[in-house]
Structures are given as structure tokens and as C-alpha cells.
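Enquirer: Below is the file structure.pdb, with PDB, C-alpha atoms and all ligand atoms.
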```pdb
ATOM      1  CA  MET A   1     193.469 103.374  82.917  1.00  0.00           C
ATOM      2  CA  SER A   2     190.678 105.015  84.913  1.00  0.00           C
ATOM      3  CA  ASP A   3     192.753 106.655  87.665  1.00  0.00           C
ATOM      4  CA  CYS A   4     195.531 107.926  85.391  1.00  0.00           C
ATOM      5  CA  LEU A   5     195.834 111.725  85.197  1.00  0.00           C
ATOM      6  CA  PHE A   6     197.019 111.768  81.601  1.00  0.00           C
ATOM      7  CA  CYS A   7     194.359 109.268  80.467  1.00  0.00           C
ATOM      8  CA  LYS A   8     191.852 111.759  81.911  1.00  0.00           C
ATOM      9  CA  ILE A   9     193.420 114.531  79.815  1.00  0.00           C
ATOM     10  CA  VAL A  10     193.107 112.312  76.726  1.00  0.00           C
ATOM     11  CA  ALA A  11     189.446 111.679  77.645  1.00  0.00           C
ATOM     12  CA  ARG A  12     188.933 115.446  78.253  1.00  0.00           C
ATOM     13  CA  THR A  13     187.661 114.846  81.799  1.00  0.00           C
ATOM     14  CA  ILE A  14     190.550 117.010  83.102  1.00  0.00           C
ATOM     15  CA  PRO A  15     191.269 120.270  81.279  1.00  0.00           C
ATOM     16  CA  ALA A  16     194.563 120.954  79.555  1.00  0.00           C
ATOM     17  CA  THR A  17     195.869 123.445  77.020  1.00  0.00           C
ATOM     18  CA  LEU A  18     195.945 121.220  73.963  1.00  0.00           C
ATOM     19  CA  VAL A  19     198.605 121.995  71.380  1.00  0.00           C
ATOM     20  CA  TYR A  20     198.253 119.087  68.951  1.00  0.00           C
ATOM     21  CA  GLU A  21     196.479 115.773  68.594  1.00  0.00           C
ATOM     22  CA  ASP A  22     196.199 112.987  66.066  1.00  0.00           C
ATOM     23  CA  ASP A  23     195.075 109.382  66.029  1.00  0.00           C
ATOM     24  CA  LEU A  24     197.993 108.198  68.184  1.00  0.00           C
ATOM     25  CA  VAL A  25     199.182 111.098  70.371  1.00  0.00           C
ATOM     26  CA  VAL A  26     197.980 114.168  72.255  1.00  0.00           C
ATOM     27  CA  ALA A  27     200.154 117.191  73.150  1.00  0.00           C
ATOM     28  CA  PHE A  28     199.407 119.781  75.823  1.00  0.00           C
ATOM     29  CA  ASP A  29     201.313 122.417  77.749  1.00  0.00           C
ATOM     30  CA  ASP A  30     202.928 121.378  81.024  1.00  0.00           C
ATOM     31  CA  ILE A  31     201.100 122.821  84.043  1.00  0.00           C
ATOM     32  CA  ASN A  32     204.422 123.696  85.730  1.00  0.00           C
ATOM     33  CA  PRO A  33     206.632 124.858  82.845  1.00  0.00           C
ATOM     34  CA  GLN A  34     210.397 124.597  83.245  1.00  0.00           C
ATOM     35  CA  ALA A  35     211.111 126.673  80.115  1.00  0.00           C
ATOM     36  CA  PRO A  36     209.223 129.195  77.955  1.00  0.00           C
ATOM     37  CA  THR A  37     208.143 126.224  75.822  1.00  0.00           C
ATOM     38  CA  HIS A  38     207.275 123.127  77.833  1.00  0.00           C
ATOM     39  CA  THR A  39     204.826 120.811  76.125  1.00  0.00           C
ATOM     40  CA  LEU A  40     204.127 117.154  76.828  1.00  0.00           C
ATOM     41  CA  VAL A  41     203.410 114.643  74.078  1.00  0.00           C
ATOM     42  CA  ILE A  42     201.666 111.466  75.208  1.00  0.00           C
ATOM     43  CA  PRO A  43     200.263 108.370  73.531  1.00  0.00           C
ATOM     44  CA  ARG A  44     196.472 108.165  73.555  1.00  0.00           C
ATOM     45  CA  LYS A  45     196.740 104.623  74.857  1.00  0.00           C
ATOM     46  CA  HIS A  46     197.913 104.078  78.415  1.00  0.00           C
ATOM     47  CA  VAL A  47     201.579 103.102  78.508  1.00  0.00           C
ATOM     48  CA  THR A  48     203.207 103.348  81.937  1.00  0.00           C
ATOM     49  CA  SER A  49     206.659 104.328  80.682  1.00  0.00           C
ATOM     50  CA  ILE A  50     208.896 104.035  77.650  1.00  0.00           C
ATOM     51  CA  ALA A  51     210.299 100.873  79.243  1.00  0.00           C
ATOM     52  CA  GLU A  52     206.944  99.165  78.587  1.00  0.00           C
ATOM     53  CA  LEU A  53     207.040  99.694  74.815  1.00  0.00           C
ATOM     54  CA  GLU A  54     207.376  96.679  72.561  1.00  0.00           C
ATOM     55  CA  ASP A  55     208.468  96.117  68.964  1.00  0.00           C
ATOM     56  CA  SER A  56     204.861  96.567  67.870  1.00  0.00           C
ATOM     57  CA  ASP A  57     204.969 100.114  69.297  1.00  0.00           C
ATOM     58  CA  VAL A  58     207.696 101.321  66.928  1.00  0.00           C
ATOM     59  CA  GLY A  59     205.159 103.343  64.942  1.00  0.00           C
ATOM     60  CA  LEU A  60     203.781 104.931  68.086  1.00  0.00           C
ATOM     61  CA  LEU A  61     207.261 105.845  69.274  1.00  0.00           C
ATOM     62  CA  GLY A  62     208.063 107.368  65.894  1.00  0.00           C
ATOM     63  CA  ARG A  63     204.884 109.419  65.955  1.00  0.00           C
ATOM     64  CA  LEU A  64     205.634 110.600  69.501  1.00  0.00           C
ATOM     65  CA  MET A  65     209.016 111.947  68.410  1.00  0.00           C
ATOM     66  CA  LEU A  66     207.752 113.429  65.144  1.00  0.00           C
ATOM     67  CA  ALA A  67     204.935 115.151  67.056  1.00  0.00           C
ATOM     68  CA  GLY A  68     207.654 116.586  69.310  1.00  0.00           C
ATOM     69  CA  ASN A  69     209.324 118.051  66.215  1.00  0.00           C
ATOM     70  CA  LEU A  70     205.989 119.514  65.158  1.00  0.00           C
ATOM     71  CA  ILE A  71     205.576 121.094  68.599  1.00  0.00           C
ATOM     72  CA  GLY A  72     209.006 122.690  68.147  1.00  0.00           C
ATOM     73  CA  LYS A  73     207.763 124.284  64.917  1.00  0.00           C
ATOM     74  CA  LEU A  74     204.359 125.284  66.317  1.00  0.00           C
ATOM     75  CA  LYS A  75     205.997 126.919  69.340  1.00  0.00           C
ATOM     76  CA  GLY A  76     208.570 128.761  67.241  1.00  0.00           C
ATOM     77  CA  VAL A  77     211.650 127.108  68.738  1.00  0.00           C
ATOM     78  CA  ALA A  78     212.610 124.861  65.826  1.00  0.00           C
ATOM     79  CA  ASP A  79     215.427 127.179  64.732  1.00  0.00           C
ATOM     80  CA  SER A  80     216.726 128.094  68.199  1.00  0.00           C
ATOM     81  CA  GLY A  81     216.629 124.462  69.318  1.00  0.00           C
ATOM     82  CA  TYR A  82     214.824 122.364  71.854  1.00  0.00           C
ATOM     83  CA  ARG A  83     215.255 119.349  74.070  1.00  0.00           C
ATOM     84  CA  PHE A  84     213.321 116.085  74.321  1.00  0.00           C
ATOM     85  CA  VAL A  85     213.223 114.460  77.759  1.00  0.00           C
ATOM     86  CA  ILE A  86     211.569 111.168  78.724  1.00  0.00           C
ATOM     87  CA  ASN A  87     211.950 110.578  82.450  1.00  0.00           C
ATOM     88  CA  THR A  88     211.698 106.866  83.193  1.00  0.00           C
ATOM     89  CA  GLY A  89     211.224 105.243  86.574  1.00  0.00           C
ATOM     90  CA  LYS A  90     212.355 106.366  90.008  1.00  0.00           C
ATOM     91  CA  ASP A  91     215.931 107.382  89.253  1.00  0.00           C
ATOM     92  CA  GLY A  92     214.806 108.886  85.956  1.00  0.00           C
ATOM     93  CA  GLY A  93     212.605 111.309  87.877  1.00  0.00           C
ATOM     94  CA  GLN A  94     209.282 110.106  86.476  1.00  0.00           C
ATOM     95  CA  SER A  95     206.313 111.378  88.510  1.00  0.00           C
ATOM     96  CA  VAL A  96     203.360 110.656  86.196  1.00  0.00           C
ATOM     97  CA  PHE A  97     203.204 107.045  85.098  1.00  0.00           C
ATOM     98  CA  HIS A  98     201.769 107.511  81.625  1.00  0.00           C
ATOM     99  CA  LEU A  99     204.543 107.816  79.030  1.00  0.00           C
ATOM    100  CA  HIS A 100     205.223 111.431  78.080  1.00  0.00           C
ATOM    101  CA  LEU A 101     207.804 113.243  75.999  1.00  0.00           C
ATOM    102  CA  HIS A 102     208.791 116.648  77.388  1.00  0.00           C
ATOM    103  CA  VAL A 103     209.507 119.219  74.669  1.00  0.00           C
ATOM    104  CA  LEU A 104     211.483 122.067  76.224  1.00  0.00           C
ATOM    105  CA  GLY A 105     212.685 125.200  74.469  1.00  0.00           C
ATOM    106  CA  GLY A 106     212.925 128.958  74.452  1.00  0.00           C
ATOM    107  CA  ARG A 107     216.025 129.111  76.635  1.00  0.00           C
ATOM    108  CA  HIS A 108     219.481 127.561  76.682  1.00  0.00           C
ATOM    109  CA  MET A 109     219.480 124.093  78.259  1.00  0.00           C
ATOM    110  CA  ALA A 110     222.284 123.178  80.635  1.00  0.00           C
ATOM    111  CA  TRP A 111     224.259 119.933  80.393  1.00  0.00           C
ATOM    112  CA  PRO A 112     224.545 117.639  82.234  1.00  0.00           C
ATOM    113  CA  PRO A 113     220.927 117.559  83.428  1.00  0.00           C
ATOM    114  CA  GLY A 114     220.292 117.516  87.167  1.00  0.00           C
TER     115      GLY A 114
HETATM  116  P1  LIG A 201     207.616 113.585  84.914  1.00  0.00           P
HETATM  117  O1  LIG A 201     208.178 114.107  86.208  1.00  0.00           O
HETATM  118  O2  LIG A 201     208.614 113.381  83.833  1.00  0.00           O
HETATM  119  O3  LIG A 201     206.749 112.370  85.163  1.00  0.00           O
HETATM  120  O4  LIG A 201     206.693 114.749  84.359  1.00  0.00           O
HETATM  121  C1  LIG A 201     205.370 114.931  84.721  1.00  0.00           C
HETATM  122  C2  LIG A 201     204.993 116.291  84.254  1.00  0.00           C
HETATM  123  O5  LIG A 201     203.576 116.400  84.242  1.00  0.00           O
HETATM  124  C3  LIG A 201     205.515 117.422  85.138  1.00  0.00           C
HETATM  125  O6  LIG A 201     206.336 118.292  84.374  1.00  0.00           O
HETATM  126  C4  LIG A 201     204.241 118.106  85.629  1.00  0.00           C
HETATM  127  O7  LIG A 201     204.376 119.504  85.758  1.00  0.00           O
HETATM  128  C5  LIG A 201     203.248 117.711  84.554  1.00  0.00           C
HETATM  129  N1  LIG A 201     201.844 117.717  84.952  1.00  0.00           N
HETATM  130  C6  LIG A 201     201.321 117.177  86.070  1.00  0.00           C
HETATM  131  N2  LIG A 201     199.993 117.364  86.091  1.00  0.00           N
HETATM  132  C7  LIG A 201     199.677 118.016  84.943  1.00  0.00           C
HETATM  133  C8  LIG A 201     198.458 118.516  84.374  1.00  0.00           C
HETATM  134  N3  LIG A 201     197.273 118.340  84.992  1.00  0.00           N
HETATM  135  N4  LIG A 201     198.521 119.162  83.194  1.00  0.00           N
HETATM  136  C9  LIG A 201     199.704 119.360  82.578  1.00  0.00           C
HETATM  137  N5  LIG A 201     200.884 118.903  83.047  1.00  0.00           N
HETATM  138  C10 LIG A 201     200.864 118.253  84.220  1.00  0.00           C
HETATM  139 ZN    ZN A 202     197.230 106.787  81.385  1.00  0.00          ZN
END
```
Please re-express this file's structure in C-alpha cells.
Expert:
Amino acid sequence: MSDCLFCKIVARTIPATLVYEDDLVVAFDDINPQAPTHTLVIPRKHVTSIAELEDSDVGLLGRLMLAGNLIGKLKGVADSGYRFVINTGKDGGQSVFHLHLHVLGGRHMAWPPG
């Protein structure tokens, strides 16, 4: 989608600190980190939110999560632990409407989330 911020990061027309990429997903550090590790994993293809995924996207969803695990290892937080967050829609707190998995780590995470 031409006016989507994260599609522009995938296309490299907006800079980002890339952490990982493969044929299905791209991962880059969040510009406003909420923890010492805060990386976003996104599908290369434009998907507005996780609510838009279909049965045919099961492989993509699996890769998104497995890439999140890889980010945990690459960032050195796999042993201390980390949190996956996928904000969805207005009440979910989503602000960028291209599906993204937040990988947060490097500090203790509170529960319940705000
Ligand atoms: P959400 O509120 O779940 O939609 O998360 C959107 C995230 O994208 C926020 O954590 C922002 O800090 C992050 N973000 C926005 N613009 C950029 C950018 N240009 N590069 C990296 N992260 C960004
Ligand atoms: Zn997009």
C-alpha cells in the first residue's frame, strides 16, 4: 500500500534499523522503544491487522512468531524472557495499520498491561 509507513520500510524508502529479514517478514527496531529491546516484526505484504489474516496466512503467522523468537535470541533476551504484543484496532491501541509483532525485553514486564 503506497501510503503505508511500514510498507515504505519494507521497500527501503524510509530508513529503519533492520534486525532480520526473510522472504516473508522484516524486523526492525522500534523508533520509540518501550524497553531495552523493542523490535517490530512485520509481514512483507500489507496486512492491516492480525484481524485481517485468513486460513491461507497460517504460514505467515507462524513465521512472524518464529522470527520473534529469533529476535529474542539475536537481542540476547531469550534466557531472561520477552513479551510479544500485537495491538489490534482502536481499543487494542494500534496506531500503525500494517500488522506488526512487538518483541519487548530487557526489563521485567508488568501485568496486567495498561
Ligand atoms: P502500535 O501502536 O502497536 O500500532 O505500534 C506502532 C509502533 O510503531 C510504535 O511502537 C511506534 O513507536 C513504531 N513506529 C512508528 N514509526 C516508526 C518508524 N518509522 N520506525 C520504527 N518504528 C516506528
Ligand atoms: Zn503496509
Enquirer: Residues picked by the PyMOL selection byres (((chain A and resi 49-60) around 8) and not hetatm) here, as a VMD selection string?
Expert: chain A and resid 24 43 47 to 48 61 to 64 86 88 to 89 97 to 100
Enquirer: Please, which residues have at least one atom within 6 Å of an atom of ligand LIG 201 (chain A), using all atoms listed in the file, listed as a ChimeraX atom specification?
Expert: /A:16,29-32,87,93-96
Enquirer: Just give me the residues with any atom within 12 Å of (219.3, 124.7, 77.3), file coordinates, counting all atoms listed in the file, written as a ChimeraX atom specification.
Expert: /A:34-37,77,80-85,103-113
Enquirer: Write out as a PDB file with C-alpha atoms, in the coordinates of the input each polymer residue (protein, DNA or RNA) that has an atom no more than 6 Å from ligand ZN 202 (chain A), with only C-alpha atoms and all ligand atoms counted.
Expert:
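Writing the result to out-v4.pdb gives the following:
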```
ATOM      1  CA  MET A   1     193.469 103.374  82.917  1.00  0.00           C
ATOM      2  CA  CYS A   4     195.531 107.926  85.391  1.00  0.00           C
ATOM      3  CA  PHE A   6     197.019 111.768  81.601  1.00  0.00           C
ATOM      4  CA  CYS A   7     194.359 109.268  80.467  1.00  0.00           C
ATOM      5  CA  HIS A  46     197.913 104.078  78.415  1.00  0.00           C
ATOM      6  CA  HIS A  98     201.769 107.511  81.625  1.00  0.00           C
TER       7      HIS A  98
END
```
Enquirer: One decimal, Å: what's the distance from CA of Ile71 (chain A) over to CA of Val25 (chain A), could you say?
Expert: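 For CA of Ile71 (chain A) relative to CA of Val25 (chain A), the distance reads 12.0 Å.
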Enquirer: On this structure, the PyMOL selection byres (((chain A and resi 28) around 9) and not hetatm) would catch which residues? List them as a VMD selection string, sorted by chain and number.
Expert: chain A and resid 9 16 to 21 26 to 27 29 to 31 38 to 42
Enquirer: Only C-alpha atoms, please: the residues just picked out, written as a PDB file, keeping the file's coordinate frame.
Expert:
```pdb
ATOM      1  CA  ILE A   9     193.420 114.531  79.815  1.00  0.00           C
ATOM      2  CA  ALA A  16     194.563 120.954  79.555  1.00  0.00           C
ATOM      3  CA  THR A  17     195.869 123.445  77.020  1.00  0.00           C
ATOM      4  CA  LEU A  18     195.945 121.220  73.963  1.00  0.00           C
ATOM      5  CA  VAL A  19     198.605 121.995  71.380  1.00  0.00           C
ATOM      6  CA  TYR A  20     198.253 119.087  68.951  1.00  0.00           C
ATOM      7  CA  GLU A  21     196.479 115.773  68.594  1.00  0.00           C
ATOM      8  CA  VAL A  26     197.980 114.168  72.255  1.00  0.00           C
ATOM      9  CA  ALA A  27     200.154 117.191  73.150  1.00  0.00           C
ATOM     10  CA  ASP A  29     201.313 122.417  77.749  1.00  0.00           C
ATOM     11  CA  ASP A  30     202.928 121.378  81.024  1.00  0.00           C
ATOM     12  CA  ILE A  31     201.100 122.821  84.043  1.00  0.00           C
ATOM     13  CA  HIS A  38     207.275 123.127  77.833  1.00  0.00           C
ATOM     14  CA  THR A  39     204.826 120.811  76.125  1.00  0.00           C
ATOM     15  CA  LEU A  40     204.127 117.154  76.828  1.00  0.00           C
ATOM     16  CA  VAL A  41     203.410 114.643  74.078  1.00  0.00           C
ATOM     17  CA  ILE A  42     201.666 111.466  75.208  1.00  0.00           C
TER      18      ILE A  42
END
```
Enquirer: May I ask for the distance between CA of Asp22 (chain A) and CA of Met65 (chain A), given in Å to one decimal place?
Expert: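 Taking CA of Asp22 (chain A) and CA of Met65 (chain A), their separation equals 13.1 Å.
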Enquirer: Using Å and a single decimal, report how far CA of Arg44 (chain A) sits from CA of Ala11 (chain A).
Expert: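 According to the coordinates, CA of Ala11 (chain A) and CA of Arg44 (chain A) are separated by 8.9 Å.
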Enquirer: Check the smallest atom-to-atom distance from each of A:Lys90, A:Ser2, A:Asp23, A:Leu101 to Asn69 (chain A) using all atoms listed in the file, then report the winner.
Expert: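 Ranked by minimum distance to Asn69 (chain A), first place goes to A:Leu101.
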